[in-house]
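K.L.:
So I've got this file, data-v2.pdb, and it contains PDB, C-alpha atoms and all ligand atoms:
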```pdb
ATOM      1  CA  MET A   1      -4.136  22.327  54.462
ATOM      2  CA  ARG A   2      -3.438  18.683  53.602
ATOM      3  CA  TYR A   3      -5.400  16.419  51.282
ATOM      4  CA  THR A   4      -5.046  12.707  50.684
ATOM      5  CA  ILE A   5      -6.767  11.405  47.564
ATOM      6  CA  LEU A   6      -7.408   7.662  47.419
ATOM      7  CA  THR A   7      -8.046   6.573  43.845
ATOM      8  CA  LEU A   8      -7.614   3.774  41.337
ATOM      9  CA  PHE A   9      -6.340   6.340  38.804
ATOM     10  CA  PRO A  10      -3.645   8.567  40.361
ATOM     11  CA  GLY A  11      -2.617   9.648  36.861
ATOM     12  CA  LEU A  12      -5.925  11.494  36.462
ATOM     13  CA  ILE A  13      -5.238  13.679  39.486
ATOM     14  CA  ARG A  14      -1.578  14.690  39.032
ATOM     15  CA  PRO A  15      -1.929  16.892  35.934
ATOM     16  CA  TRP A  16      -4.674  18.935  37.603
ATOM     17  CA  LEU A  17      -2.260  19.887  40.363
ATOM     18  CA  SER A  18       0.591  20.784  38.057
ATOM     19  CA  GLU A  19      -0.666  24.149  36.753
ATOM     20  CA  SER A  20      -2.148  27.448  37.790
ATOM     21  CA  LEU A  21      -3.092  28.419  41.361
ATOM     22  CA  LEU A  22      -2.950  24.899  42.776
ATOM     23  CA  GLU A  23       0.558  24.355  41.487
ATOM     24  CA  LYS A  24       1.648  27.684  43.026
ATOM     25  CA  ALA A  25      -0.027  26.932  46.362
ATOM     26  CA  LEU A  26       1.666  23.518  46.470
ATOM     27  CA  ALA A  27       5.040  25.054  45.655
ATOM     28  CA  ARG A  28       4.567  27.649  48.414
ATOM     29  CA  GLY A  29       3.629  24.942  50.931
ATOM     30  CA  LEU A  30       0.125  26.349  51.512
ATOM     31  CA  LEU A  31      -1.312  23.021  50.367
ATOM     32  CA  GLU A  32      -0.020  19.481  50.467
ATOM     33  CA  VAL A  33      -1.618  16.715  48.389
ATOM     34  CA  ARG A  34      -0.848  13.001  48.702
ATOM     35  CA  ILE A  35      -2.241  10.732  46.020
ATOM     36  CA  LYS A  36      -2.457   7.048  46.880
ATOM     37  CA  ASP A  37      -3.327   4.203  44.542
ATOM     38  CA  LEU A  38      -6.079   2.002  46.014
ATOM     39  CA  ARG A  39      -4.464  -0.944  44.242
ATOM     40  CA  ASP A  40      -1.601  -0.738  46.733
ATOM     41  CA  PHE A  41      -4.040  -2.256  49.226
ATOM     42  CA  ALA A  42      -5.002  -5.244  47.067
ATOM     43  CA  LYS A  43      -4.143  -8.636  48.529
ATOM     44  CA  ASP A  44      -3.290 -10.782  45.504
ATOM     45  CA  ARG A  45      -0.587 -10.634  42.897
ATOM     46  CA  HIS A  46      -3.092  -9.475  40.264
ATOM     47  CA  ARG A  47      -3.795  -6.439  42.476
ATOM     48  CA  THR A  48      -7.535  -7.151  42.405
ATOM     49  CA  VAL A  49      -9.623  -4.401  43.970
ATOM     50  CA  ASP A  50     -13.146  -5.358  42.914
ATOM     51  CA  ASP A  51     -15.551  -8.272  42.909
ATOM     52  CA  THR A  52     -19.021  -9.134  41.612
ATOM     53  CA  PRO A  53     -22.007  -7.831  43.594
ATOM     54  CA  TYR A  54     -23.834 -10.144  46.021
ATOM     55  CA  GLY A  55     -27.347 -10.646  44.697
ATOM     56  CA  GLY A  56     -26.200 -10.394  41.099
ATOM     57  CA  GLY A  57     -26.459  -7.560  38.616
ATOM     58  CA  PRO A  58     -24.077  -5.758  36.281
ATOM     59  CA  GLY A  59     -20.742  -4.194  37.154
ATOM     60  CA  MET A  60     -18.168  -4.680  39.868
ATOM     61  CA  VAL A  61     -17.981  -3.437  43.441
ATOM     62  CA  ILE A  62     -14.792  -2.214  45.158
ATOM     63  CA  LYS A  63     -13.848  -4.563  47.978
ATOM     64  CA  PRO A  64     -14.294  -3.180  51.511
ATOM     65  CA  GLU A  65     -10.869  -4.235  52.797
ATOM     66  CA  VAL A  66      -9.125  -2.321  50.009
ATOM     67  CA  ALA A  67     -10.965   0.923  50.788
ATOM     68  CA  VAL A  68     -10.804   0.603  54.574
ATOM     69  CA  GLU A  69      -7.094  -0.225  54.663
ATOM     70  CA  ALA A  70      -6.458   2.769  52.387
ATOM     71  CA  ILE A  71      -8.417   5.001  54.784
ATOM     72  CA  GLU A  72      -6.476   3.635  57.755
ATOM     73  CA  TRP A  73      -3.216   4.292  55.911
ATOM     74  CA  ALA A  74      -4.296   7.923  55.374
ATOM     75  CA  LEU A  75      -5.260   8.619  59.006
ATOM     76  CA  PRO A  76      -5.140  10.733  61.101
ATOM     77  CA  ALA A  77      -7.530  13.106  59.329
ATOM     78  CA  ASP A  78     -10.228  15.604  60.284
ATOM     79  CA  GLU A  79     -12.642  14.229  57.701
ATOM     80  CA  VAL A  80     -12.762  11.129  55.529
ATOM     81  CA  ILE A  81     -15.015  11.929  52.580
ATOM     82  CA  LEU A  82     -16.497   9.292  50.325
ATOM     83  CA  LEU A  83     -17.497  10.695  46.938
ATOM     84  CA  SER A  84     -20.807   9.230  45.762
ATOM     85  CA  PRO A  85     -23.824  10.372  43.745
ATOM     86  CA  ALA A  86     -25.873   9.137  46.713
ATOM     87  CA  GLY A  87     -24.209  11.565  49.154
ATOM     88  CA  GLU A  88     -25.216  14.891  50.656
ATOM     89  CA  VAL A  89     -24.958  17.549  47.937
ATOM     90  CA  PHE A  90     -21.704  19.522  48.226
ATOM     91  CA  THR A  91     -22.336  23.265  48.634
ATOM     92  CA  GLN A  92     -20.333  26.417  49.261
ATOM     93  CA  GLU A  93     -21.365  26.177  52.917
ATOM     94  CA  THR A  94     -19.825  22.694  53.165
ATOM     95  CA  ALA A  95     -16.732  23.970  51.346
ATOM     96  CA  ARG A  96     -16.409  26.738  53.929
ATOM     97  CA  ALA A  97     -16.701  24.269  56.812
ATOM     98  CA  LEU A  98     -14.182  21.848  55.274
ATOM     99  CA  ALA A  99     -11.706  24.648  54.518
ATOM    100  CA  GLN A 100     -11.326  25.139  58.302
ATOM    101  CA  LYS A 101      -9.903  21.622  58.682
ATOM    102  CA  SER A 102      -6.292  20.650  58.336
ATOM    103  CA  HIS A 103      -6.436  17.213  56.672
ATOM    104  CA  LEU A 104      -9.141  15.897  54.342
ATOM    105  CA  VAL A 105      -9.144  12.375  52.914
ATOM    106  CA  LEU A 106     -11.047  12.056  49.628
ATOM    107  CA  LEU A 107     -12.072   8.565  48.573
ATOM    108  CA  ALA A 108     -12.870   8.270  44.867
ATOM    109  CA  GLY A 109     -14.819   5.271  43.576
ATOM    110  CA  ARG A 110     -15.089   3.577  40.177
ATOM    111  CA  TYR A 111     -17.280   0.830  38.681
ATOM    112  CA  GLU A 112     -20.457   0.390  40.796
ATOM    113  CA  GLY A 113     -18.776   2.139  43.711
ATOM    114  CA  PHE A 114     -17.674   0.732  47.087
ATOM    115  CA  ASP A 115     -19.071  -2.081  49.202
ATOM    116  CA  ALA A 116     -21.740  -0.319  51.317
ATOM    117  CA  ARG A 117     -19.919  -1.180  54.582
ATOM    118  CA  VAL A 118     -17.171   1.297  53.685
ATOM    119  CA  GLU A 119     -19.574   4.104  54.677
ATOM    120  CA  ARG A 120     -19.107   3.047  58.320
ATOM    121  CA  PHE A 121     -15.458   4.126  58.083
ATOM    122  CA  VAL A 122     -15.962   7.630  56.686
ATOM    123  CA  THR A 123     -17.163  10.875  58.275
ATOM    124  CA  ARG A 124     -19.148  12.154  55.253
ATOM    125  CA  VAL A 125     -20.548  11.023  51.943
ATOM    126  CA  LEU A 126     -20.602  13.886  49.426
ATOM    127  CA  SER A 127     -22.135  14.187  45.971
ATOM    128  CA  ILE A 128     -21.170  17.002  43.616
ATOM    129  CA  GLY A 129     -24.617  16.964  41.977
ATOM    130  CA  ASP A 130     -27.480  14.897  40.673
ATOM    131  CA  TYR A 131     -25.721  13.101  37.831
ATOM    132  CA  VAL A 132     -23.445  10.089  37.645
ATOM    133  CA  LEU A 133     -19.774  10.385  36.710
ATOM    134  CA  MET A 134     -17.573   7.509  35.564
ATOM    135  CA  GLY A 135     -15.456   7.862  38.682
ATOM    136  CA  GLY A 136     -14.910   9.937  41.793
ATOM    137  CA  GLU A 137     -11.675  11.634  40.674
ATOM    138  CA  ALA A 138     -13.374  14.663  39.131
ATOM    139  CA  ALA A 139     -15.615  14.909  42.220
ATOM    140  CA  ALA A 140     -12.596  14.758  44.551
ATOM    141  CA  LEU A 141     -10.959  17.536  42.528
ATOM    142  CA  VAL A 142     -14.139  19.622  42.778
ATOM    143  CA  VAL A 143     -14.025  19.351  46.575
ATOM    144  CA  LEU A 144     -10.302  20.095  46.566
ATOM    145  CA  GLU A 145     -10.702  23.172  44.306
ATOM    146  CA  ALA A 146     -13.650  24.603  46.213
ATOM    147  CA  THR A 147     -11.985  24.205  49.621
ATOM    148  CA  ALA A 148      -8.394  25.057  48.647
ATOM    149  CA  ARG A 149      -9.351  28.470  47.243
ATOM    150  CA  LEU A 150     -10.724  29.366  50.688
ATOM    151  CA  VAL A 151      -7.401  28.602  52.378
ATOM    152  CA  PRO A 152      -5.726  31.948  53.191
ATOM    153  CA  GLY A 153      -3.091  32.879  50.624
ATOM    154  CA  VAL A 154      -4.149  30.432  47.890
ATOM    155  CA  ILE A 155      -5.908  32.976  45.688
ATOM    156  CA  GLY A 156      -4.431  36.418  45.169
ATOM    157  CA  ASP A 157      -7.125  38.710  46.547
ATOM    158  CA  GLU A 158      -9.132  37.426  49.513
ATOM    159  CA  ARG A 159     -11.992  39.799  48.616
ATOM    160  CA  SER A 160     -12.713  37.733  45.543
ATOM    161  CA  HIS A 161     -14.203  34.828  47.445
ATOM    162  CA  GLN A 162     -16.178  37.112  49.707
ATOM    163  CA  GLU A 163     -17.929  38.380  46.570
ATOM    164  CA  ASP A 164     -18.339  35.017  44.858
ATOM    165  CA  SER A 165     -21.665  33.462  44.052
ATOM    166  CA  PHE A 166     -23.260  31.849  47.154
ATOM    167  CA  SER A 167     -20.894  33.559  49.605
ATOM    168  CA  ARG A 168     -23.516  36.091  50.623
ATOM    169  CA  GLY A 169     -26.449  33.861  49.767
ATOM    170  CA  LEU A 170     -26.730  35.424  46.298
ATOM    171  CA  LEU A 171     -25.266  34.750  42.874
ATOM    172  CA  ASP A 172     -22.326  36.987  41.941
ATOM    173  CA  PHE A 173     -23.006  40.267  40.132
ATOM    174  CA  PRO A 174     -22.130  40.427  36.403
ATOM    175  CA  GLN A 175     -18.546  41.501  35.651
ATOM    176  CA  TYR A 176     -17.247  43.515  32.685
ATOM    177  CA  THR A 177     -13.811  44.506  31.406
ATOM    178  CA  ARG A 178     -12.486  46.609  28.487
ATOM    179  CA  PRO A 179     -13.558  47.534  25.804
ATOM    180  CA  PRO A 180     -16.481  49.730  26.932
ATOM    181  CA  LEU A 181     -18.375  48.876  23.719
ATOM    182  CA  PHE A 182     -18.148  45.344  22.303
ATOM    183  CA  ARG A 183     -20.117  44.444  19.139
ATOM    184  CA  GLY A 184     -22.676  47.090  19.969
ATOM    185  CA  LEU A 185     -22.982  45.959  23.602
ATOM    186  CA  PRO A 186     -22.073  48.707  26.088
ATOM    187  CA  VAL A 187     -20.771  48.264  29.629
ATOM    188  CA  PRO A 188     -23.363  49.674  32.099
ATOM    189  CA  GLU A 189     -22.686  53.419  32.400
ATOM    190  CA  VAL A 190     -22.446  53.398  36.216
ATOM    191  CA  LEU A 191     -19.359  51.124  36.150
ATOM    192  CA  LEU A 192     -17.459  53.801  34.207
ATOM    193  CA  SER A 193     -18.557  56.589  36.564
ATOM    194  CA  GLY A 194     -15.939  56.108  39.310
ATOM    195  CA  ASP A 195     -18.735  56.574  41.892
ATOM    196  CA  HIS A 196     -17.963  53.679  44.237
ATOM    197  CA  LYS A 197     -21.119  54.016  46.283
ATOM    198  CA  GLU A 198     -23.298  53.856  43.163
ATOM    199  CA  ILE A 199     -21.227  50.975  41.758
ATOM    200  CA  GLU A 200     -21.710  49.013  44.983
ATOM    201  CA  ARG A 201     -25.465  49.663  44.875
ATOM    202  CA  PHE A 202     -25.665  48.653  41.190
ATOM    203  CA  ARG A 203     -23.745  45.425  41.832
ATOM    204  CA  ARG A 204     -25.867  44.439  44.796
ATOM    205  CA  ARG A 205     -29.039  45.084  42.775
ATOM    206  CA  GLU A 206     -27.733  43.132  39.772
ATOM    207  CA  ALA A 207     -26.834  40.216  42.071
ATOM    208  CA  LEU A 208     -30.399  40.324  43.412
ATOM    209  CA  ARG A 209     -31.872  40.499  39.906
ATOM    210  CA  LYS A 210     -29.767  37.568  38.685
ATOM    211  CA  THR A 211     -30.564  35.464  41.758
ATOM    212  CA  LEU A 212     -34.293  36.154  41.467
ATOM    213  CA  LEU A 213     -34.229  35.194  37.809
ATOM    214  CA  LEU A 214     -32.005  32.106  37.961
ATOM    215  CA  ARG A 215     -32.045  30.763  41.553
ATOM    216  CA  PRO A 216     -34.998  32.310  43.407
ATOM    217  CA  GLU A 217     -34.856  29.634  46.130
ATOM    218  CA  LEU A 218     -31.532  31.091  47.350
ATOM    219  CA  LEU A 219     -33.234  34.336  48.369
ATOM    220  CA  ALA A 220     -34.983  32.664  51.294
ATOM    221  CA  GLN A 221     -31.573  32.281  53.033
ATOM    222  CA  ALA A 222     -29.968  35.576  51.924
ATOM    223  CA  ARG A 223     -29.320  38.391  54.395
ATOM    224  CA  LEU A 224     -31.080  41.381  52.836
ATOM    225  CA  SER A 225     -31.460  45.010  53.854
ATOM    226  CA  ARG A 226     -34.849  46.717  53.839
ATOM    227  CA  GLU A 227     -33.882  48.546  50.629
ATOM    228  CA  GLU A 228     -33.007  45.246  48.950
ATOM    229  CA  VAL A 229     -36.290  43.649  49.954
ATOM    230  CA  ALA A 230     -38.076  46.644  48.441
ATOM    231  CA  PHE A 231     -35.987  46.345  45.274
ATOM    232  CA  LEU A 232     -36.901  42.663  44.966
ATOM    233  CA  ALA A 233     -40.588  43.469  45.372
ATOM    234  CA  GLU A 234     -40.179  46.057  42.599
ATOM    235  CA  LEU A 235     -38.493  43.486  40.332
ATOM    236  CA  ASP A 236     -41.211  40.957  41.036
ATOM    237  CA  ARG A 237     -43.883  43.491  40.088
ATOM    238  CA  ASP A 238     -42.066  44.442  36.881
ATOM    239  CA  GLY A 239     -41.412  40.861  35.758
ATOM    240  CA  TYR A 240     -37.638  40.896  36.670
ATOM    241  CA  THR A 241     -36.503  43.361  34.000
TER     242      THR A 241
HETATM  243  N1  LIG B   1     -23.757   2.842  40.880
HETATM  244  C1  LIG B   1     -23.364   4.046  41.514
HETATM  245  C2  LIG B   1     -24.595   4.839  41.919
HETATM  246  O1  LIG B   1     -25.516   4.959  41.123
HETATM  247  O2  LIG B   1     -24.587   5.415  43.033
HETATM  248  C3  LIG B   1     -22.527   4.906  40.582
HETATM  249  C4  LIG B   1     -21.090   4.613  40.633
HETATM  250  S1  LIG B   1     -20.182   5.734  39.646
HETATM  251  C5  LIG B   1     -20.262   4.989  38.050
HETATM  252  C6  LIG B   1     -18.532   5.423  40.128
HETATM  253  C7  LIG B   1     -17.960   6.407  41.133
HETATM  254  O3  LIG B   1     -18.013   7.710  40.622
HETATM  255  C8  LIG B   1     -18.671   6.467  42.468
HETATM  256  O4  LIG B   1     -18.236   5.448  43.342
HETATM  257  C9  LIG B   1     -18.293   7.854  42.977
HETATM  258  O5  LIG B   1     -17.053   7.841  43.665
HETATM  259  C10 LIG B   1     -18.130   8.644  41.684
HETATM  260  N2  LIG B   1     -19.265   9.524  41.390
HETATM  261  C11 LIG B   1     -20.115   9.420  40.347
HETATM  262  N3  LIG B   1     -21.003  10.405  40.341
HETATM  263  C12 LIG B   1     -20.723  11.194  41.405
HETATM  264  C13 LIG B   1     -21.292  12.381  41.939
HETATM  265  N4  LIG B   1     -22.364  12.954  41.389
HETATM  266  N5  LIG B   1     -20.725  12.920  43.038
HETATM  267  C14 LIG B   1     -19.653  12.330  43.628
HETATM  268  N6  LIG B   1     -19.076  11.209  43.167
HETATM  269  C15 LIG B   1     -19.597  10.639  42.074
END
```
Take the structure in the file and give it back as structure tokens.

P.N.:
Amino acid sequence: MRYTILTLFPGLIRPWLSESLLEKALARGLLEVRIKDLRDFAKDRHRTVDDTPYGGGPGMVIKPEVAVEAIEWALPADEVILLSPAGEVFTQETARALAQKSHLVLLAGRYEGFDARVERFVTRVLSIGDYVLMGGEAAALVVLEATARLVPGVIGDERSHQEDSFSRGLLDFPQYTRPPLFRGLPVPEVLLSGDHKEIERFRRREALRKTLLLRPELLAQARLSREEVAFLAELDRDGYT
């Protein structure tokens, strides 16, 4: 999988790629990331990339020719993604779809964002949530992280993303590790039992309980067995506990 990140601050991106699983995946050639400075597409000797907004108002707007020439430099690509708080909200489902592609271009803004005409040159506008960041670099890295971990071989055990939150339409079940008793808090007995069938059932039920409590709207899309529907009805009756 290849990524091209177009940014005014390449130095913010590099350190993120230099440790942990991303660094290993890059070293093994499973991922390839190009980082390109948008200033390289400025036209004057001051490397100006922004200008004041038509119609007045505070802040600066990134010039369309800078962004569009950067996109053209990065092509060919399967998707050109503009990061913006005004985009479609990025979800695990989108991450799964994007992880099937072979080259994603991620365009990170700053200041008041890009001239609106830039949107005509991208395939998607994505937001990572309903809040405003100072720039699109963290958002681009969120998209990179969420998609790269779905690329075969990038994380150690493929089962781990099949069990993740959202993957089955539910939040993940709670996880525990040693010691069995921590500050008076025990690990649920069933997890120590070695009974894999019971453990599976417990985990599925705990995922349902957590989802009902924290993100009930997700349940409308989840694929549930008859037993799970009955369990949810039971939880609802008992006030989730
Ligand atoms: N005035 C813009 C608005 O309200 O839509 C905000 C611009 S923001 C200060 C600068 C850049 O940060 C944006 O161009 C975008 O690339 C990035 N950004 C900020 N919040 C974001 C979010 N929630 N998701 C994706 N990108 C975001």

K.L.:
Counting all atoms listed in the file, which protein, DNA or RNA residues come within 6 Å of ligand LIG 1 (chain B), given as a list in words?

P.N.:
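These are the residues that qualify: Leu83, Ser84, Pro85, Ala86, Ala108, Gly109, Arg110, Tyr111, Glu112, Gly113, Ser127, Ile128, Gly129, Asp130, Tyr131, Val132, Leu133, Met134, Gly135, Gly136 and Ala139 of chain A.
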
K.L.:
With all atoms listed in the file as the counted atoms, please give the residues lying no more than 10 Å from range 189-200 of chain A, apart from itself and same-chain residues fewer than 6 positions off, as a list in words.

P.N.:
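Everything that qualifies: Gln175, Tyr176, Thr177, Pro180 and Glu206 of chain A.
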
K.L.:
Based on the selection just made, write C-alpha atoms of those residues as a PDB file, keeping the file's coordinate frame.

P.N.:
```
ATOM      1  CA  GLN A 175     -18.546  41.501  35.651  1.00  0.00           C
ATOM      2  CA  TYR A 176     -17.247  43.515  32.685  1.00  0.00           C
ATOM      3  CA  THR A 177     -13.811  44.506  31.406  1.00  0.00           C
ATOM      4  CA  PRO A 180     -16.481  49.730  26.932  1.00  0.00           C
ATOM      5  CA  GLU A 206     -27.733  43.132  39.772  1.00  0.00           C
TER       6      GLU A 206
END
```

K.L.:
Quick one: everything within 12 Å of Leu75 in chain A, counting only C-alpha atoms, minus sequence neighbours fewer than 4 positions away in the same chain. Send it as a ChimeraX atom specification.

P.N.:
/A:2-6,68-71,79-80,103-106,121-122

K.L.:
Taking (-10.3, 22.9, 60.2) in the coordinates of the supplied file, I want to know which residues reach to within 12 Å of it, counting all atoms listed in the file; could you give the answer as a count of residues only?

P.N.:
20

K.L.:
Find the distance between CA of Asp236 in chain A and CA of Glu163 in chain A and write it in Å to one decimal.

P.N.:
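CA of Asp236 in chain A sits 24.1 Å away from CA of Glu163 in chain A.
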
K.L.:
Using all atoms listed in the file - which residues lie no farther than 10 Å from the point (-28.3, 39.5, 52.4) in the file's frame? Write them as a PyMOL selection string.

P.N.:
chain A and resi 167-170+204+208+219-226+228-229

K.L.:
Looking at A:Leu107, A:Leu126, A:Leu232, A:Ile62, which one is nearest to Thr91 in chain A, with distances taken over all atoms listed in the file?

P.N.:
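Looking at the shortest contact to Thr91 in chain A, the residue is A:Leu126.
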
K.L.:
Please, what distance in Å, to one decimal, runs between CA of Phe166 in chain A and CA of Thr211 in chain A?

P.N.:
9.8 Å

K.L.:
Which residues would end up in the selection if the PyMOL selection byres (((chain A and resi 120) around 12) and not hetatm) were applied here, given that I need the answer as a PyMOL selection string?

P.N.:
chain A and resi 64+67-68+71+80-82+114-119+121-125

K.L.:
Measuring atom to atom with all atoms listed in the file, identify which of A:Glu93, A:Glu145, A:Asp51, A:Asp37 is nearest to Ala74 in chain A.

P.N.:
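Using all atoms listed in the file, the shortest distance to Ala74 in chain A belongs to A:Asp37.
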
K.L.:
Got a sec: who's within 10 Å of Arg14 in chain A, counting only C-alpha atoms, leaving out chain neighbours fewer than 4 positions off, as a compact mmCIF listing (two decimals) with C-alpha atoms, keeping the file's coordinate frame?

P.N.:
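Result file selection05.txt:
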```txt
# COMPACT_ATOMS: atom_id res chain seq x y z
CA PHE A 9 -6.34 6.34 38.80
CA PRO A 10 -3.64 8.57 40.36
CA SER A 18 0.59 20.78 38.06
CA GLU A 19 -0.67 24.15 36.75
CA VAL A 33 -1.62 16.72 48.39
CA ARG A 34 -0.85 13.00 48.70
CA ILE A 35 -2.24 10.73 46.02
```

K.L.:
When you look at Gly153 in chain A with a cut-off of 12 Å (counting all atoms listed in the file), what residues show up, excluding the ones that are within fewer than 2 positions of it in the same chain? I need them as a ChimeraX atom specification.

P.N.:
/A:1,21-22,24-26,28-31,148-151,155-161

K.L.:
In Å, how far is it from CA of Leu214 in chain A to CA of Ser165 in chain A?

P.N.:
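Going from CA of Leu214 in chain A over to CA of Ser165 in chain A covers 12.1 Å.
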
K.L.:
On this structure, the PyMOL selection byres (((chain A and resi 40) around 10) and not hetatm) would catch which residues? List them as a list in words, sorted by chain and number.

P.N.:
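Selected by the PyMOL selection byres (((chain A and resi 40) around 10) and not hetatm) in this file: Leu8, Lys36, Asp37, Leu38, Arg39, Phe41, Ala42, Lys43, Arg47, Thr48, Val49, Val66, Glu69 and Ala70 of chain A.
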
K.L.:
If we count all atoms listed in the file and set the cut-off at 9 Å, which residues sit around Ala207 in chain A, ignoring sequence neighbours fewer than 5 positions away in its own chain? Please answer as JSON, numbers by chain.

P.N.:
{"A": [165, 170, 171, 172, 173, 174, 202, 212]}
